[in-house]
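model-v8.txt follows; it contains compact mmCIF, C-alpha atoms.
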# COMPACT_ATOMS: atom_id res chain seq x y z
CA MET A 1 -13.76 -53.84 8.90
CA SER A 2 -14.02 -54.49 5.23
CA GLY A 3 -13.62 -51.79 2.66
CA ILE A 4 -15.74 -50.84 -0.28
CA SER A 5 -14.50 -51.42 -3.78
CA SER A 6 -16.14 -49.98 -6.84
CA GLY A 7 -15.16 -49.13 -10.37
CA PHE A 8 -14.07 -45.72 -9.14
CA GLY A 9 -11.69 -46.80 -6.36
CA THR A 10 -11.45 -48.31 -2.90
CA TRP A 11 -12.54 -46.99 0.46
CA ASN A 12 -11.14 -48.57 3.58
CA PRO A 13 -11.37 -46.73 6.91
CA ILE A 14 -8.50 -48.72 8.43
CA ALA A 15 -6.20 -47.78 5.54
CA TRP A 16 -7.16 -44.12 5.90
CA GLY A 17 -6.66 -44.29 9.66
CA LEU A 18 -3.19 -45.79 9.22
CA LEU A 19 -2.32 -43.14 6.64
CA ILE A 20 -3.39 -40.31 8.96
CA LEU A 21 -1.46 -41.91 11.83
CA GLY A 22 1.64 -42.22 9.62
CA ILE A 23 1.42 -38.57 8.59
CA ALA A 24 0.99 -37.51 12.23
CA VAL A 25 4.04 -39.54 13.29
CA LEU A 26 6.08 -38.09 10.42
CA ALA A 27 5.00 -34.55 11.38
CA LEU A 28 6.03 -35.18 15.01
CA VAL A 29 9.41 -36.59 13.92
CA LEU A 30 10.05 -33.55 11.72
CA ARG A 31 8.97 -31.22 14.52
CA SER A 32 11.26 -32.93 17.01
CA THR A 33 14.27 -32.19 14.78
CA GLY A 34 13.59 -28.45 15.11
CA ARG A 35 15.55 -26.12 17.30
CA ARG A 36 14.31 -25.96 20.88
CA SER A 37 16.46 -23.10 22.07
CA TYR A 38 13.96 -20.39 21.08
CA LYS A 39 13.30 -18.17 24.06
CA LYS A 40 9.60 -17.76 24.54
CA GLY A 41 8.24 -14.29 25.13
CA THR A 42 11.16 -12.63 23.32
CA ASP A 43 11.62 -11.39 19.76
CA GLN A 44 12.87 -14.87 18.87
CA THR A 45 9.34 -16.18 18.68
CA LYS A 46 7.91 -13.18 16.82
CA ALA A 47 7.39 -12.98 13.08
CA PHE A 48 10.27 -11.62 11.03
CA LEU A 49 9.08 -8.52 9.21
CA SER A 50 12.39 -7.39 7.67
CA GLY A 51 13.48 -6.12 11.07
CA ASN A 52 10.40 -3.95 11.49
CA GLU A 53 8.39 -4.03 14.67
CA GLU A 54 5.41 -6.33 14.72
CA PRO A 55 2.24 -4.18 14.82
CA SER A 56 0.39 -4.51 18.11
CA THR A 57 -3.00 -4.68 16.37
CA PRO A 58 -3.38 -7.75 14.12
CA GLY A 59 -5.54 -5.74 11.69
CA ASP A 60 -2.48 -3.77 10.58
CA LEU A 61 -0.92 -6.99 9.29
CA HIS A 62 -3.92 -7.88 7.16
CA VAL A 63 -3.45 -7.32 3.44
CA ARG A 64 -6.82 -6.80 1.85
CA GLY A 65 -7.64 -8.11 -1.61
CA GLY A 66 -8.08 -4.52 -2.79
CA HIS A 67 -4.37 -3.89 -2.17
CA LEU A 68 -3.59 -5.97 -5.24
CA TYR A 69 -5.35 -3.38 -7.39
CA TRP A 70 -3.94 -0.37 -5.59
CA GLY A 71 -2.04 0.89 -8.66
CA MET A 72 -5.07 0.60 -10.90
CA LEU A 73 -7.39 2.23 -8.36
CA ASP A 74 -4.91 5.04 -7.80
CA GLY A 75 -4.31 5.58 -11.53
CA LEU A 76 -8.02 5.67 -12.30
CA ASP A 77 -8.94 7.51 -9.12
CA ALA A 78 -11.05 10.19 -10.88
CA TYR A 79 -13.09 7.53 -12.67
CA TYR A 80 -13.56 5.38 -9.57
CA ARG A 81 -14.63 8.36 -7.45
CA ARG A 82 -17.36 9.17 -9.99
CA VAL A 83 -18.49 5.55 -10.35
CA ARG A 84 -18.53 4.95 -6.59
CA GLY A 85 -20.77 7.97 -6.22
CA LEU A 86 -23.30 6.32 -8.52
CA HIS A 87 -23.42 3.20 -6.35
CA THR A 88 -25.87 4.52 -3.80
CA GLY A 89 -27.16 1.13 -2.70
CA VAL A 90 -30.76 2.27 -3.36
CA ILE A 91 -32.62 -0.10 -5.69
CA ASN A 92 -34.73 2.75 -7.12
CA ASP A 93 -31.55 4.42 -8.41
CA TYR A 94 -30.34 1.24 -10.07
CA VAL A 95 -33.74 0.64 -11.71
CA ALA A 96 -33.77 4.25 -12.87
CA TRP A 97 -30.32 3.73 -14.44
CA PHE A 98 -31.56 0.51 -16.05
CA VAL A 99 -34.69 2.14 -17.49
CA GLY A 100 -32.68 5.17 -18.64
CA ALA A 101 -30.01 3.03 -20.33
CA LEU A 102 -32.71 0.87 -21.93
CA ALA A 103 -34.51 3.97 -23.24
CA PHE A 104 -31.24 5.36 -24.59
CA LEU A 105 -30.49 2.08 -26.39
CA GLY A 106 -34.07 1.93 -27.73
CA VAL A 107 -33.77 5.42 -29.17
CA LEU A 108 -30.35 4.55 -30.55
CA PHE A 109 -31.62 1.40 -32.28
CA VAL A 110 -34.63 3.26 -33.75
CA TRP A 111 -32.44 6.12 -34.88
CA VAL A 112 -29.79 3.89 -36.47
CA GLY A 113 -32.52 1.75 -38.01
CA MET B 1 26.58 -23.77 25.97
CA ALA B 2 25.70 -26.53 23.52
CA LEU B 3 25.82 -25.94 19.81
CA PRO B 4 22.77 -27.29 18.00
CA ARG B 5 23.16 -29.95 15.36
CA SER B 6 22.55 -27.37 12.67
CA PHE B 7 25.97 -25.87 13.39
CA LYS B 8 27.66 -29.20 12.84
CA ARG B 9 25.77 -30.08 9.69
CA ALA B 10 25.10 -26.97 7.63
CA LEU B 11 25.40 -23.31 8.41
CA TRP B 12 22.50 -21.10 7.58
CA VAL B 13 23.55 -17.51 7.22
CA PHE B 14 21.39 -14.41 7.33
CA HIS B 15 22.76 -11.37 5.53
CA ILE B 16 21.94 -7.85 6.69
CA ALA B 17 23.08 -4.62 5.03
CA THR B 18 22.95 -1.84 7.61
CA GLY B 19 23.91 0.97 5.26
CA SER B 20 26.63 -0.47 3.06
CA CYS B 21 27.50 0.76 -0.43
CA ASN B 22 26.65 -2.78 -1.66
CA GLY B 23 30.28 -3.53 -2.49
CA CYS B 24 30.53 -6.12 0.29
CA ASP B 25 27.06 -7.43 -0.52
CA ILE B 26 28.15 -8.14 -4.07
CA GLU B 27 31.16 -10.04 -2.72
CA ILE B 28 28.83 -12.11 -0.54
CA VAL B 29 26.81 -12.91 -3.64
CA ALA B 30 30.07 -13.78 -5.41
CA ALA B 31 30.76 -16.33 -2.67
CA LEU B 32 27.55 -18.07 -3.70
CA THR B 33 28.43 -18.23 -7.38
CA PRO B 34 29.87 -21.43 -8.94
CA ARG B 35 33.40 -20.07 -8.66
CA TYR B 36 33.34 -20.22 -4.84
CA ASP B 37 30.13 -22.19 -4.32
CA VAL B 38 29.83 -22.07 -0.54
CA GLU B 39 26.74 -24.22 -0.64
CA ARG B 40 28.96 -27.26 -1.23
CA PHE B 41 30.16 -26.70 2.37
CA GLY B 42 26.57 -26.44 3.55
CA ILE B 43 26.77 -22.67 3.99
CA MET B 44 23.52 -21.24 2.73
CA LEU B 45 21.81 -17.87 2.85
CA THR B 46 18.45 -17.97 4.57
CA GLY B 47 15.56 -15.55 4.26
CA THR B 48 14.89 -15.06 7.95
CA PRO B 49 17.12 -14.66 11.02
CA ARG B 50 14.86 -17.07 12.88
CA HIS B 51 16.45 -19.91 10.88
CA ALA B 52 19.99 -18.57 10.96
CA ASP B 53 23.11 -19.73 12.76
CA VAL B 54 25.29 -16.87 11.60
CA LEU B 55 24.57 -13.19 11.01
CA LEU B 56 26.59 -11.69 8.18
CA ILE B 57 26.49 -7.91 8.48
CA THR B 58 27.77 -5.33 6.01
CA GLY B 59 28.00 -1.58 6.29
CA PRO B 60 28.10 0.91 9.13
CA VAL B 61 24.94 1.25 11.17
CA THR B 62 22.81 4.13 9.93
CA ARG B 63 20.28 5.61 12.34
CA PRO B 64 17.17 4.12 10.66
CA MET B 65 18.82 0.68 10.69
CA LEU B 66 19.68 0.74 14.40
CA PRO B 67 16.39 -0.65 15.81
CA ARG B 68 16.13 -3.09 12.90
CA LEU B 69 19.63 -4.48 13.47
CA GLN B 70 18.94 -4.86 17.18
CA ARG B 71 15.64 -6.61 16.49
CA ILE B 72 17.18 -8.96 13.94
CA TYR B 73 19.95 -9.82 16.42
CA GLU B 74 17.35 -10.56 19.09
CA GLN B 75 15.30 -12.66 16.66
CA THR B 76 18.24 -14.91 15.83
CA PRO B 77 18.17 -18.01 18.04
CA ASP B 78 21.08 -18.67 20.41
CA PRO B 79 23.85 -19.59 20.06
CA LYS B 80 24.68 -17.39 17.13
CA ALA B 81 27.81 -16.06 15.50
CA VAL B 82 28.07 -12.50 14.23
CA VAL B 83 30.43 -11.81 11.34
CA VAL B 84 31.06 -8.26 10.17
CA VAL B 85 32.10 -7.96 6.54
CA GLY B 86 34.01 -4.94 5.31
CA GLY B 87 35.76 -1.91 6.68
CA CYS B 88 32.59 0.15 7.22
CA GLY B 89 31.04 -2.34 9.59
CA SER B 90 34.33 -2.93 11.39
CA THR B 91 35.38 0.67 11.97
CA GLY B 92 33.03 3.00 10.10
CA GLY B 93 35.47 3.08 7.20
CA VAL B 94 35.18 6.12 4.98
CA PHE B 95 31.97 7.05 6.82
CA TYR B 96 33.78 7.24 10.17
CA GLU B 97 32.19 9.89 12.44
CA SER B 98 29.52 10.66 9.88
CA TYR B 99 26.56 12.53 11.38
CA ASN B 100 24.01 9.89 10.39
CA LEU B 101 25.84 6.86 11.76
CA VAL B 102 25.36 5.24 15.12
CA GLY B 103 28.82 3.74 14.76
CA PRO B 104 30.50 0.50 13.76
CA ILE B 105 28.48 -2.64 14.37
CA ASP B 106 30.26 -3.65 17.57
CA GLU B 107 28.90 -0.54 19.25
CA VAL B 108 25.39 -1.89 18.74
CA ILE B 109 25.64 -5.70 19.05
CA PRO B 110 28.44 -8.10 20.06
CA VAL B 111 30.62 -9.16 17.14
CA ASP B 112 32.56 -12.43 16.91
CA ILE B 113 34.59 -12.02 13.74
CA TYR B 114 35.71 -9.04 11.66
CA VAL B 115 36.44 -9.50 7.96
CA PRO B 116 38.22 -6.31 6.85
CA GLY B 117 38.41 -5.11 3.27
CA CYS B 118 36.82 -2.58 0.98
CA PRO B 119 35.22 -4.73 -0.17
CA ALA B 120 36.23 -7.97 1.51
CA ARG B 121 37.12 -10.77 -0.90
CA PRO B 122 34.83 -13.83 -1.07
CA GLU B 123 37.64 -16.08 0.24
CA ALA B 124 37.96 -13.81 3.28
CA ILE B 125 34.21 -13.88 3.86
CA ILE B 126 34.13 -17.70 3.73
CA ASP B 127 37.13 -17.80 6.06
CA GLY B 128 35.37 -15.43 8.46
CA VAL B 129 32.23 -17.55 8.61
CA VAL B 130 34.26 -20.70 9.24
CA LYS B 131 36.29 -18.92 11.94
CA ALA B 132 33.10 -17.78 13.65
CA VAL B 133 31.90 -21.36 13.91
CA THR B 134 35.31 -22.52 15.10
CA LYS B 135 35.13 -19.86 17.79
CA LEU B 136 31.74 -21.09 18.95
CA GLU B 137 32.90 -24.72 18.92
CA THR B 138 35.96 -23.82 21.00
CA LEU B 139 33.73 -22.01 23.45
CA GLU B 140 31.46 -25.02 23.64
CA ARG B 141 34.41 -27.34 24.43
CA LYS B 142 35.64 -24.97 27.13
CA VAL B 143 32.22 -24.91 28.75
CA ARG B 144 32.03 -28.72 28.70
CA THR B 145 35.50 -29.28 30.22

Target encoding structure tokens, full file:
Amino acid sequence: MSGISSGFGTWNPIAWGLLILGIAVLALVLRSTGRRSYKKGTDQTKAFLSGNEEPSTPGDLHVRGGHLYWGMLDGLDAYYRRVRGLHTGVINDYVAWFVGALAFLGVLFVWVG
Amino acid sequence: MALPRSFKRALWVFHIATGSCNGCDIEIVAALTPRYDVERFGIMLTGTPRHADVLLITGPVTRPMLPRLQRIYEQTPDPKAVVVVGGCGSTGGVFYESYNLVGPIDEVIPVDIYVPGCPARPEAIIDGVVKAVTKLETLERKVRT
């Protein structure tokens, strides 16, 4: 099977196949050097969580993206509570806010001149 | 009992403080500094007991640390060597019979080597780790013969 050569590079399925095979063999060799004395079904095969027990429900292990902003959310809790209240999910409310803000800006521009 | 190749090449050590004053922990860190440089012998601290050959434990066992110490011991693959560093872990030390202690480490898990001292010197800690491996190797030879 011949490959394709262009000004941007070369594509050869046999070369790719050999590369994937080589990586797979290397991965198996590395895996075979690992320790086999782990006892299955015991703590030895469980995740190490600084000695803490592994939660039975996987959801408890999940770290949500919002956790990264926990400090900011907690520090600005009063602000976020107010702003969340405004996010009703009703399009009429959002349009009303848009029209209101636009009217306020219009008045402001006219007033400032 | 057959020792894995990791024992004969490089020792990976997991360090646990079960309520120590950090004196012994600082001496363990000192053993890693260029002055002692245990890594030239292949002795290296690892971040998880699942990769460890030796458990290096400091401090008496406080009540909150009891289940954690037991779990870490269970999570360490066999065969493993347990080295206790310092007087508190060996006997309870100055915290002996304190209300919030479960006791010295050997009352919770089996211990192979005790390194006494308050704190133990880095040379003694290195000696203890090497002795623990020697003990396991001797045991392996006895099992084979």

- line: One residue among A:Val29, A:Ala103, A:Leu73, A:Leu49 is nearest to chain B when using only C-alpha atoms, and that residue is A:Leu49

- prompt: For chain A, which residue among B:Glu137, B:Asp106, B:Glu123, B:Glu74 is the nearest when counting all atoms listed in the file?
  reply: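 That would be B:Glu74, the residue with the smallest distance to chain A.
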
- request: Could you please select, counting only C-alpha atoms, the residues of chain B within 7 Å of chain A and state them as JSON, numbers by chain?
  value: {"B": [48, 50, 68, 69, 71, 72, 74, 75, 76, 77, 78]}

Coordinates-based distance that separates CA of Ala31 in chain B from CA of Pro122 in chain B (Å, one decimal):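 Value for the CA of Pro122 in chain B-CA of Ala31 in chain B distance: 5.0 Å.
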
query: Residues at most 10 Å from Ala52 in chain B, counting all atoms listed in the file, excluding those fewer than 3 positions away in the same chain, as a ChimeraX atom specification?
result: /B:6-7,11-15,44-49,55-56,75-81

query: What is the distance, in Å and to one decimal place, between CA of Gly59 in chain B and CA of Leu32 in chain B?
result: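 Interatomic distance here is 19.3 Å.
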
task: Counting all atoms listed in the file, figure out which residue out of B:Asn100, B:Thr58, B:Thr138, B:Thr33 gets nearest to Ala17 in chain B.
output: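 Looking only at the distances to Ala17 in chain B, the closest residue turns out to be B:Thr58.
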
Hey, can I get the axis-aligned box for range 60-72 of chain A? All listed atoms, 6 Å padding on each side, centre and edge lengths in Å to one decimal, as lines of an AutoDock Vina configuration file.
center_x = -4.5
center_y = -3.6
center_z = -0.2
size_x = 19.2
size_y = 21.0
size_z = 33.5

- request: Measure the distance from CA of Trp16 in chain A to CA of Ile4 in chain A in Å and round it to one decimal.
  value: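 Taking CA of Trp16 in chain A as the start and CA of Ile4 in chain A as the end point, the length is 12.5 Å.
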
Would you pull range 51-132 of chain B out of the block just shown and save C-alpha atoms as an mmCIF file, in the first residue's frame?
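Contents of decode-v9.cif, freshly written:
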data_model
loop_
_atom_site.group_PDB
_atom_site.id
_atom_site.type_symbol
_atom_site.label_atom_id
_atom_site.label_comp_id
_atom_site.auth_asym_id
_atom_site.auth_seq_id
_atom_site.Cartn_x
_atom_site.Cartn_y
_atom_site.Cartn_z
ATOM 1 C CA HIS B 51 3.967 2.269 45.247
ATOM 2 C CA ALA B 52 5.897 1.807 48.470
ATOM 3 C CA ASP B 53 8.178 -0.955 49.696
ATOM 4 C CA VAL B 54 8.755 0.539 53.124
ATOM 5 C CA LEU B 55 6.468 2.453 55.481
ATOM 6 C CA LEU B 56 8.279 5.058 57.549
ATOM 7 C CA ILE B 57 6.073 6.054 60.472
ATOM 8 C CA THR B 58 6.610 8.854 62.969
ATOM 9 C CA GLY B 59 4.679 9.776 66.065
ATOM 10 C CA PRO B 60 2.347 7.967 68.421
ATOM 11 C CA VAL B 61 -1.005 6.953 66.995
ATOM 12 C CA THR B 62 -3.672 9.519 67.784
ATOM 13 C CA ARG B 63 -7.288 8.395 67.684
ATOM 14 C CA PRO B 64 -8.201 10.170 64.408
ATOM 15 C CA MET B 65 -5.133 8.628 62.746
ATOM 16 C CA LEU B 66 -5.938 5.047 63.777
ATOM 17 C CA PRO B 67 -8.215 4.072 60.844
ATOM 18 C CA ARG B 68 -6.003 5.992 58.422
ATOM 19 C CA LEU B 69 -2.844 4.203 59.552
ATOM 20 C CA GLN B 70 -4.578 0.843 59.296
ATOM 21 C CA ARG B 71 -5.878 1.671 55.818
ATOM 22 C CA ILE B 72 -2.481 2.877 54.615
ATOM 23 C CA TYR B 73 -0.879 -0.319 55.943
ATOM 24 C CA GLU B 74 -3.471 -2.398 54.102
ATOM 25 C CA GLN B 75 -2.973 -0.391 50.908
ATOM 26 C CA THR B 76 0.765 -1.053 50.853
ATOM 27 C CA PRO B 77 1.513 -4.076 48.668
ATOM 28 C CA ASP B 78 3.157 -7.138 50.218
ATOM 29 C CA PRO B 79 5.874 -7.765 51.161
ATOM 30 C CA LYS B 80 6.454 -4.554 53.026
ATOM 31 C CA ALA B 81 8.724 -3.355 55.785
ATOM 32 C CA VAL B 82 7.508 -1.086 58.563
ATOM 33 C CA VAL B 83 10.029 1.231 60.188
ATOM 34 C CA VAL B 84 9.063 3.318 63.204
ATOM 35 C CA VAL B 85 11.077 6.497 63.634
ATOM 36 C CA GLY B 86 11.380 8.171 67.008
ATOM 37 C CA GLY B 87 10.561 7.499 70.615
ATOM 38 C CA CYS B 88 6.864 8.421 70.345
ATOM 39 C CA GLY B 89 6.124 5.797 67.741
ATOM 40 C CA SER B 90 8.233 3.188 69.519
ATOM 41 C CA THR B 91 6.881 3.589 73.044
ATOM 42 C CA GLY B 92 4.579 6.612 73.187
ATOM 43 C CA GLY B 93 7.493 8.722 74.393
ATOM 44 C CA VAL B 94 6.503 11.824 76.315
ATOM 45 C CA PHE B 95 2.881 11.196 75.304
ATOM 46 C CA TYR B 96 2.863 7.769 76.975
ATOM 47 C CA GLU B 97 -0.619 6.920 78.339
ATOM 48 C CA SER B 98 -2.070 10.146 76.990
ATOM 49 C CA TYR B 99 -5.870 10.073 76.823
ATOM 50 C CA ASN B 100 -6.013 10.708 73.079
ATOM 51 C CA LEU B 101 -3.534 8.033 71.999
ATOM 52 C CA VAL B 102 -4.317 4.540 70.855
ATOM 53 C CA GLY B 103 -0.776 3.573 71.757
ATOM 54 C CA PRO B 104 2.598 3.032 70.145
ATOM 55 C CA ILE B 105 2.515 1.921 66.525
ATOM 56 C CA ASP B 106 3.175 -1.761 67.221
ATOM 57 C CA GLU B 107 -0.157 -1.956 69.024
ATOM 58 C CA VAL B 108 -1.892 -1.118 65.751
ATOM 59 C CA ILE B 109 0.207 -2.705 62.973
ATOM 60 C CA PRO B 110 3.215 -5.071 62.940
ATOM 61 C CA VAL B 111 6.540 -3.254 63.087
ATOM 62 C CA ASP B 112 9.839 -4.564 61.701
ATOM 63 C CA ILE B 113 12.367 -2.000 62.874
ATOM 64 C CA TYR B 114 12.416 0.618 65.628
ATOM 65 C CA VAL B 115 14.629 3.684 65.266
ATOM 66 C CA PRO B 116 14.700 5.336 68.709
ATOM 67 C CA GLY B 117 15.574 8.959 69.318
ATOM 68 C CA CYS B 118 13.905 12.257 70.043
ATOM 69 C CA PRO B 119 14.286 12.978 67.235
ATOM 70 C CA ALA B 120 16.126 10.136 65.536
ATOM 71 C CA ARG B 121 19.211 11.220 63.606
ATOM 72 C CA PRO B 122 19.181 10.914 59.784
ATOM 73 C CA GLU B 123 21.997 8.319 59.921
ATOM 74 C CA ALA B 124 19.869 6.205 62.259
ATOM 75 C CA ILE B 125 16.849 6.525 59.972
ATOM 76 C CA ILE B 126 18.871 5.407 56.934
ATOM 77 C CA ASP B 127 20.306 2.544 58.977
ATOM 78 C CA GLY B 128 16.790 1.538 60.043
ATOM 79 C CA VAL B 129 15.491 1.434 56.484
ATOM 80 C CA VAL B 130 18.461 -0.646 55.341
ATOM 81 C CA LYS B 131 18.014 -3.008 58.312
ATOM 82 C CA ALA B 132 14.347 -3.460 57.457
#
